[in-house]
Each structure stands twice: as C-alpha cells, then as structure tokens.
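**Student:** The structure that follows is given in the form of structure tokens.
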Amino acid sequence: MKCDRLIENYMSLDAGERPGLFMRIHLFRCPNCRAEARRLDAVYRAVAEQGPLFVDRDMREIIMRSVKASGTVFGKKVSLLNWLSAEAIIVASLVLVQFSEPRIWLGERMGECFEFAISVSLGVIVTLFSALLVGAHMKELAGLRERFIARFLK
C-alpha cells in the first residue's frame, strides 16, 4: 500500500474504527505514515473534546443546497464490467454445478426432489442478481434503450 493511499483510507475511517490488516502493517513499517496517523488522531480527539458547535441559525438549508449544487456523486459505484463478470460467473457455476461430483452424489441419494430444489434455488439466485444488476444501472439502460429506439425503430 502506498503512503498517500494509506492516509486517504485512514482519514475515511469512522470514529473508533480500527484500520484493516494491510493498513496496520503499513503503519508498523512506515514511520512517516505512523506519525501522520498520530497527528490525525490528535486532531480528531481535539475536535471531539470541544463538543458540539452551536450556531444561532439553522444551517441545514444552506448546507443541503451547497451539497446538491456541488454535483458530487455519493456512494460507491461498481462498474458494469464487474457486474457482468459476476453474472457470468454465476451462470457458469449454474451450468458447471450439474457436472460436479457432490451434486451427482446427492442427486443419486436424494432423487428428483434434490434436482428440483437445486434448480429452483440457482434460478432464484440468477434472477435476484439480474434484478440487482438492472436496478443498479437504470440510467445506463435507459440511455441504451433510447439509442436503440433512435437507431432501429425510427
């Protein structure tokens, strides 16, 4: 892990949250980052000791307007390629599980009920993941639909 990435990740930790294993290893080995982490901890403690800051007027509207105007996109965005890769792995495992020795052994012991149960459960998993994929990428799919309509249906 590089130093600038460590400091960025360290600053994004929630109050009281411990750094992960790789961050702790880096902090143990890098005196500069360890010193910076100590400075950050001191700043966080000083801010926490001051207590809440009271302002005479309600700042919520001003803050929310500036957040909306900033254009910042919040939340983690997973690329479409990662979604499609995961979907491909799920579908491939759905096909390959039919040829696995444990599934064949269980199918012989339990009969048709097992075949039905595993088919339904794997189908539900693929359906749920596909629904999440579509739900997470509605804007991209709407743009794709409009391009398709403009190109082929007009």
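Chain lettering (A, B, ...) mirrors the order of the structure tokens, residue numbering begins at 1 for each chain separately, and ligand numbering begins at 1 in order of display.
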I'd like the neighbourhood of range 81-93 of chain A as a short mmCIF file (atom, residue, chain, number, x, y, z; two decimals) with N, CA and C atoms, in the first residue's frame, where a residue qualifies if any of its atoms comes within 9 Å (using only C-alpha atoms), though same-chain residues fewer than 3 positions away should be ignored.
**Tutor:**
data_model
loop_
_atom_site.label_atom_id
_atom_site.label_comp_id
_atom_site.auth_asym_id
_atom_site.auth_seq_id
_atom_site.Cartn_x
_atom_site.Cartn_y
_atom_site.Cartn_z
N VAL A 78 -19.99 0.59 -8.71
CA VAL A 78 -19.36 -0.62 -9.22
C VAL A 78 -19.53 -0.61 -10.73
N LEU A 96 -21.98 -25.51 -14.55
CA LEU A 96 -20.95 -26.45 -14.12
C LEU A 96 -21.34 -27.27 -12.90
N VAL A 97 -22.23 -26.75 -12.07
CA VAL A 97 -22.63 -27.50 -10.88
C VAL A 97 -23.36 -28.78 -11.28
N GLN A 98 -23.94 -28.81 -12.46
CA GLN A 98 -24.65 -30.01 -12.92
C GLN A 98 -23.70 -31.18 -13.11
N LEU A 122 -30.87 -22.12 -7.61
CA LEU A 122 -29.92 -21.48 -8.51
C LEU A 122 -30.63 -20.50 -9.44
N ILE A 125 -31.25 -17.34 -7.48
CA ILE A 125 -30.02 -16.56 -7.33
C ILE A 125 -29.73 -15.77 -8.60
N VAL A 126 -29.84 -16.41 -9.75
CA VAL A 126 -29.58 -15.71 -11.02
C VAL A 126 -30.61 -14.59 -11.22
N PHE A 129 -29.84 -11.63 -8.77
CA PHE A 129 -28.66 -10.88 -9.19
C PHE A 129 -28.94 -10.07 -10.44
N SER A 130 -29.69 -10.65 -11.38
CA SER A 130 -30.04 -9.91 -12.59
C SER A 130 -30.91 -8.70 -12.26
N LEU A 133 -28.66 -6.10 -10.90
CA LEU A 133 -27.88 -5.53 -12.00
C LEU A 133 -28.70 -4.49 -12.75
#
**Student:** Any idea what's packed within 8 Å of range 9-22 of chain A, counting only C-alpha atoms, ignoring anything in its chain fewer than 4 positions away? Could you give it as a VMD selection string?
**Tutor:** chain A and resid 1 5 26 37 40
**Student:** If you run DSSP on the backbone here, which positions in range 46-127 of chain A get helix (DSSP H, G or I)? Please write them as an NGL selection string.
**Tutor:** :A and (46-50 or 60-70 or 80-99 or 101-110 or 112-127)
**Student:** Compile the contact shell of Leu106 in chain A as a count of residues only: residues with an atom at most 12 Å away, counting only C-alpha atoms, same-chain residues fewer than 6 positions apart removed.
**Tutor:** 10
**Student:** What's the separation between CA of Gly71 in chain A and CA of Lys139 in chain A, in Å to one decimal place?
**Tutor:**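 Separation between CA of Gly71 in chain A and CA of Lys139 in chain A: 16.5 Å.
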**Student:** Between CA of Tyr44 in chain A and CA of Arg57 in chain A, what is the spacing in Å?
**Tutor:**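 Computing the Euclidean distance for CA of Arg57 in chain A and CA of Tyr44 in chain A yields 25.4 Å.
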**Student:** As an exercise, work out the distance from CA of Phe148 in chain A to CA of Leu132 in chain A in Å and give it to one decimal place.
**Tutor:**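 So the two atoms, CA of Phe148 in chain A and CA of Leu132 in chain A, lie 22.3 Å apart.
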